[in-house]
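Student: One structure follows; several queries about it will come next.
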Number of protein chains: 2
Amino acid sequence: MNGFTLHADFEPTSVAVGELALCSVRLQADARFPWLILVPRRPGVSDLDHLEAADRARLMDEQVLAMGAVRALGEALLRPVTKLNVAALGNMTPQLHVHVIGRRSDDAAWPAPVWGVGSPQPYSDTALMLALSAVRDALRL
Amino acid sequence: MNGFTLHADFEPTSVAVGELALCSVRLQADARFPWLILVPRRPGVSDLDHLEAADRARLMDEQVLAMGAVRALGEALLRPVTKLNVAALGNMTPQLHVHVIGRRSDDAAWPAPVWGVGSPQPYSDTALMLALSAVRDALRL
């Protein structure tokens with residue numbers, strides 16, 4: 001263990017998908033958008049440039065993996081995405097995390113960013129199983 | 001030349017800073033936030049995972065450089081930043097670009113993302129010269 005613990009903010013708003021080499025992967029609990037969150041398992045890191053170079057390279061690789069998984073998730077939910085938003089913000093939850101969000105021109109926020117728009121729409125149990133399965137397959141988890 | 005031309009959307013909203021190995025660097029013309037934009041000089045690329053692996057590695061390196069430059073810009077403007085937002089969105093302007101934005105808990109949008117909040121505040125001529133100088137020094141341009 002390296003002293004990393006997931007920030008408590010993530011638990012009520014997202015679901016654990018699995019672990020990549022660097023990041024814990026979470027599915028945002030909002031069926032309006034195919035949306036993954038990557039959380040590097042490094043303690044005390046709030047900004048990208050706090051990561052060491054090797055971890056930054058891993059993070060870029062895992063972002064690309066997550067982008068593929070979000071595309072797969074869009075297909076599985078029969079709403080293929082046409083644009084990806086990739087963002088490390090962290091104004092609310094200081095632990096470094098990267099949002100990877102699939103977008104469509106008919107989605108609930110387009111063309112604005114998704115944060116703060118409307119209210120999350122919970123996944124049904126069936127859709128959540130389907131979503132987790134699609135994402136884990138794409139990430140080979 | 002590789003066929004790259006800067007998307008016309010960037011011209012009215014930002015100012016050219018200089019060229020890194022991969023990216024053109026622009027200063028967003030909004031004095032409310034120390035805000036750089038990196039545009040990889042690759043034609044026809046709209047999402048991060050369209051870049052080749054070597055370019056993705058360069059982009060990560062240049063993001064870190066830009067983060068340092070945004071910190072330096074905040075210092076130069078006597079408003080040191082406490083958080084960085086790094087985001088590739090591109091819902092409006094499809095050419096791949098990465099926002100690197102310095103944030104403070106007393107800024108005009110905190111803790112929300114900056115996009116779409118209020119109206120840009122132009123730099124004064126003096127502040128713009130100071131800002132460009134600080135950013136170019138930090139980027140060694």
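In the structure tokens, chains take the letters A, B, ... in the order shown, each chain's residues start at 1, and ligands count up from 1 in the order shown.
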For Ser133 of chain A, work out the shell of residues within 12 Å, counting only C-alpha atoms and skipping chain neighbours fewer than 3 positions away, then give it as number ranges by chain.
Tutor: A: 16-18, 27, 69-70, 72-73, 76-77, 126-130, 136-141
Student: DSSP on the backbone, then: every residue of chain A marked strand (DSSP E or B), written as JSON, numbers by chain.
Tutor: {"A": [14, 15, 16, 17, 18, 19, 23, 24, 25, 26, 27, 28, 35, 36, 37, 38, 39, 40, 83, 84, 85, 86, 87, 88, 98, 99, 100, 101, 102, 103]}
Student: Select residues of chain B: the criterion is any atom within 9 Å of an atom of chain A, counting only C-alpha atoms; output as number ranges by chain.
Tutor: B: 46-49, 53, 56-57, 60-61, 63-65, 67-68, 83-92, 94, 103, 105, 110-113, 115-116
Student: If we count only C-alpha atoms and set the cut-off at 12 Å, which residues sit around segment 10-14 of chain B, ignoring sequence neighbours fewer than 4 positions away in its own chain? Please answer as a ChimeraX atom specification.
Tutor: /B:5-6,24-31,34-39,90,92-97,99,119-123,128,132
Student: Looking only at the backbone, which of the residues in segment 105-134 of chain B does DSSP tag as helix (DSSP H, G or I), as a list in words?
Tutor: Asp125, Thr126, Ala127, Leu128, Met129, Leu130, Ala131, Leu132, Ser133 and Ala134 of chain B
